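Asks: One structure, pasted below without further comment.
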Amino acid sequence: MTTASSAPGGLNPLRQTKPRYGEAIIKGVLVLAATVSLFTTFGIVISVLIPSLEFFGEISLGEFLFTTTWTPLFANPQYGVLPLVMGTLVITLIAIAVAIPLGLGSAIYLSEYASPRARRVLKPTLEVLAGIPTVVFGFFALEFITQVVLVNIFPGIQVFNALSAGLVMGIMIIPTIASLSEDAMAAVPGGLRDGAYALGATKRQTALRVVIPAALSGIVAAFVLGISRAIGETMIVTIAAGLQPNMTLNPLEGMQTMTSYIAAAGAGDVATGSIEYKSIFAVGLLLFVITFVMNMISIRLVRRYRQAYQ
Amino acid sequence: MTATLTPPANPEAVDLRGHGQPVVDKAFRWVLFLCLFVGIAFLAILLAYVTIKGWPRLDSRLWTNMPSIRRPEQAGAESAIFGTLWVIGFTALFALPIGFMSAIYLEEYAKPTSRFARFVEVNIQNLAAVPSIVYGILGLAIFARALALGQTVITAGLTLALLVLPVIIVATREALRAVPQNIRHGSLALGATQWQTTWHQTMPAAIPGMATGTILALSRAIGEAAPLLLLGAVTFISFNPTGPFSAYTTLPIQIYNWTRESREEFQVLASATIVLLLVILLAMNAVAILIRNKTQKRW
């Protein structure tokens with residue numbers, strides 16, 4: 001090798017003889033395709049930011065973020081986003097109160113208790129839930145959960161209410177939380193479990209005191225991602241929670257969320273350039289920023305547990 | 001917790017296989033199973049409910065009649081079925097090539113240390129979790145208004161393509177990663193270029209995995225409604241799309257429209273359409289699972 005490469009002017013049979021333009025072009029095209037995803041993020045940022053800046057030229061940021069009346073359709077419109085944030089918050093809280101215990105419980109069962117055969121059946125079945133379109137969940141929340149189940153428990157409940165939307169959304173998020181938490185638990189080395197068993201721990205003690213703490217960053221990442229999905233979910237709340245901004249904590253009442261405002265206002269015939277049109281983007285910006293921060297936290301946490309057990 | 005301290009009835013009989021575990025451990029196992037059971041039971045009730053409710057309308061009227069507000073007994077979802085086919089066709093046309101190429105770049109070409117590749121990767125992870133309604137805003141501002149494509153099939157196709165791109169990229173990367181390095185090294189050692197190796201060796205081995213991921217991504221696009229609310233699909237459409245610049249409606253949007261009608265007939269119709277949509281999605285999932293099981297290769 002050394003003689004061949006050091007011979008001046010000598011032919012090196014292992015070196016490529018002619019430049020391969022085709023290969024370079026192909027690589028260029030592939031890189032270009034990969035940048036599409038960057039342009040998507042860029043496009044999202046631009047498309048929410050520019051109309052939002054115009055919006056904040058007319059409505060001050062303080063009024064938008066800290067006042068409590070959202071009436072864009074009134075003759076004298078007011079743009080205080082807090083009722084929408086409150087609606088999102090109430091429904092998200094109900095959803096995670098359902099999804100976190102059920103999702104984590106499912107994950108522990110699948111990862112620590114289920115036999116491989118049971119797991120092969122149960123896991124895909126649970127994941128079918130993740131494949132059900134959200135419009136179907138919305139229909140089910142309104143028609144069945146509210147009008148068949150909840151009216152019998154809470155006679156005063158409104159037809160459109162936060163509770164049904166939150167409960168169904170919680171079920172929808174179970175697979176997200178269960179499968180990500182289970183991935184994290186599966187990444188915990190078997191040696192840790194064996195160590196616990198050798199010390200006389202039961203299966204429950206091992207799961208709760210060894211596996212969960214070891215997988216904690218991954219589990220928290222799953223929670224954060226689940227919350228982010230709840231905040232961003234649109235169809236369930238649009239159908240089942242009503243479209244009335246409502247500054248309340250009472251889950252039996254209807255309320256509007258950030259997402260359902262965007263959906264309702266965007267679906268209507270709003271004149272381009274009007275303040276109402278721009279308000280869609282301002283709410284979109286707020287929604288994007290909130291979910292972006294949560295996604296970044298989740299990505300960080302996942303990377304941490306991957307590094308810990310590689 | 002007190003139960004853990006209760007000694008077993010016969011201390012001599014405690015064996016090491018866990019049969020002597022205290023009540024709390026057994027209860028814990030049951031609680032966990034119950035958690036899993038709630039999700040699965042919910043799924044079963046949902047499927048039973050929509051099937052029973054939609055049963056009277058599950059006939060040919062559903063796919064041979066157009067939507068109608070006045071005569072619910074004659075209304076169908078033909079325009080929504082064709083609209084869905086058109087939109088998903090364009091989604092696949094845009095998303096598949098770009099998704100496959102991005103994945104090949106990240107998995108086969110980019111160096112693991114490349115800052116650009118790392119940046120693209122984190123970006124894709126984030127995009128996968130951006131709410132779908134935000135993609136609707138993107139489609140409205142960029143495709144419908146800035147590029148003046150209007151509220152058409154092509155705008156919907158482009159928007160949904162961007163929405164499912166992260167799913168396709170992640171699935172394709174996993175499929176490529178499952179192809180062992182020896183195959184690439186063997187090909188490169190025989191003098192093949194990097195692209196020849198990718199095209200003739202790695203890709204053929206990864207195709208089943210790519211197909212599975214693609215079907216799952218497209219089935220997500222079929223069920224998606226939120227971004228299309230912003231892109232004009234809600235308007236009353238009683239004709240099939242005639243081309244990429246035609247107005248359209250889709251199955252999930254048609255379901256949404258019917259849930260907003262107060263008359264019970266429309267709720268029945270919505271249920272029947274949900275059953276149709278779920279059958280399509282379950283069939284796609286079944287095909288994906290079939291491909292995975294048929295072609296699963298042990299290297």
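Residues are referred to by chain and number: the chain letter is A, B, ... according to the order shown in the structure tokens, the number counts from 1 in that chain, and ligands are numbered separately from 1 in the order shown.
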Can you write out as JSON lines which residues of range 153-258 of chain B fall within 9 Å of range 58-68 of chain B, alongside each residue's closest atom pair and its distance in Å to one decimal, counting only C-alpha atoms and ordering rows by chain and ascending residue number?
Replies:
{"residue": "B:Phe236", "atom": "CA", "partner": "B:Pro67", "partner_atom": "CA", "distance": 8.0}
{"residue": "B:Ile237", "atom": "CA", "partner": "B:Pro67", "partner_atom": "CA", "distance": 7.4}
{"residue": "B:Ser238", "atom": "CA", "partner": "B:Met66", "partner_atom": "CA", "distance": 5.4}
{"residue": "B:Phe239", "atom": "CA", "partner": "B:Met66", "partner_atom": "CA", "distance": 7.2}
{"residue": "B:Asn240", "atom": "CA", "partner": "B:Met66", "partner_atom": "CA", "distance": 8.9}
{"residue": "B:Gln254", "atom": "CA", "partner": "B:Pro67", "partner_atom": "CA", "distance": 8.3}
Asks: May I have the selected residues written with C-alpha atoms, as a PDB file, in the first residue's frame?
Replies:
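Below is the file that was written, part12.pdb:
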ATOM      1  CA  PHE B 236     -70.806  21.446   1.146  1.00  0.00           C
ATOM      2  CA  ILE B 237     -69.496  19.361  -1.774  1.00  0.00           C
ATOM      3  CA  SER B 238     -71.822  17.173  -3.821  1.00  0.00           C
ATOM      4  CA  PHE B 239     -69.509  16.332  -6.715  1.00  0.00           C
ATOM      5  CA  ASN B 240     -66.380  14.228  -7.092  1.00  0.00           C
ATOM      6  CA  GLN B 254     -67.908  14.526   6.073  1.00  0.00           C
TER       7      GLN B 254
END
Asks: Using only C-alpha atoms, which chain B residues lie at most 6 Å away from chain A, written as a list in words?
Replies: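 So the contacting residues turn out to be Asp25, Leu32, Cys35, Leu36, Ile40, Ile98, Met101, Ser102, Tyr105, Asn126, Pro131, Leu138, Ala141, Gly223, Leu229 and Leu230 of chain B.
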Asks: Quick one: pick out all alpha helix (DSSP H) residues within range 14-218 of chain A from a backbone DSSP run and write them as number ranges by chain.
Replies: A: 21-58, 61-66, 82-108, 116-131, 134-140, 151-153, 162-186, 190-198, 203-206, 212-214, 216-218
Asks: Grab the CA of Ile81 in chain B to CA of Arg292 in chain B distance for me, in Å with one decimal place.
Replies: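 We find that CA of Ile81 in chain B and CA of Arg292 in chain B lie 27.6 Å from each other.
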Asks: Considering only C-alpha atoms, state which residue in the set B:Val38, B:Pro72, B:Arg177, B:Asn123 is at the smallest distance from Glu264 in chain B.
Replies: B:Pro72
Asks: What is the distance, in Å and to one decimal place, between CA of Glu108 in chain B and CA of Thr198 in chain B?
Replies: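 Spanning CA of Glu108 in chain B to CA of Thr198 in chain B is a straight-line distance of 7.5 Å.
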Asks: Give me the residues within 12 Å of Pro244 in chain B as a VMD selection string, counting only C-alpha atoms and dropping any in the same chain fewer than 3 places off.
Replies: chain B and resid 83 85 to 91 149 to 158 240 to 241 247 to 248
Asks: Using backbone DSSP assignments, extract all strand (DSSP E) residues from range 19-161 of chain A; output them as a PyMOL selection string.
Replies: chain A and resi 70-71+78-79
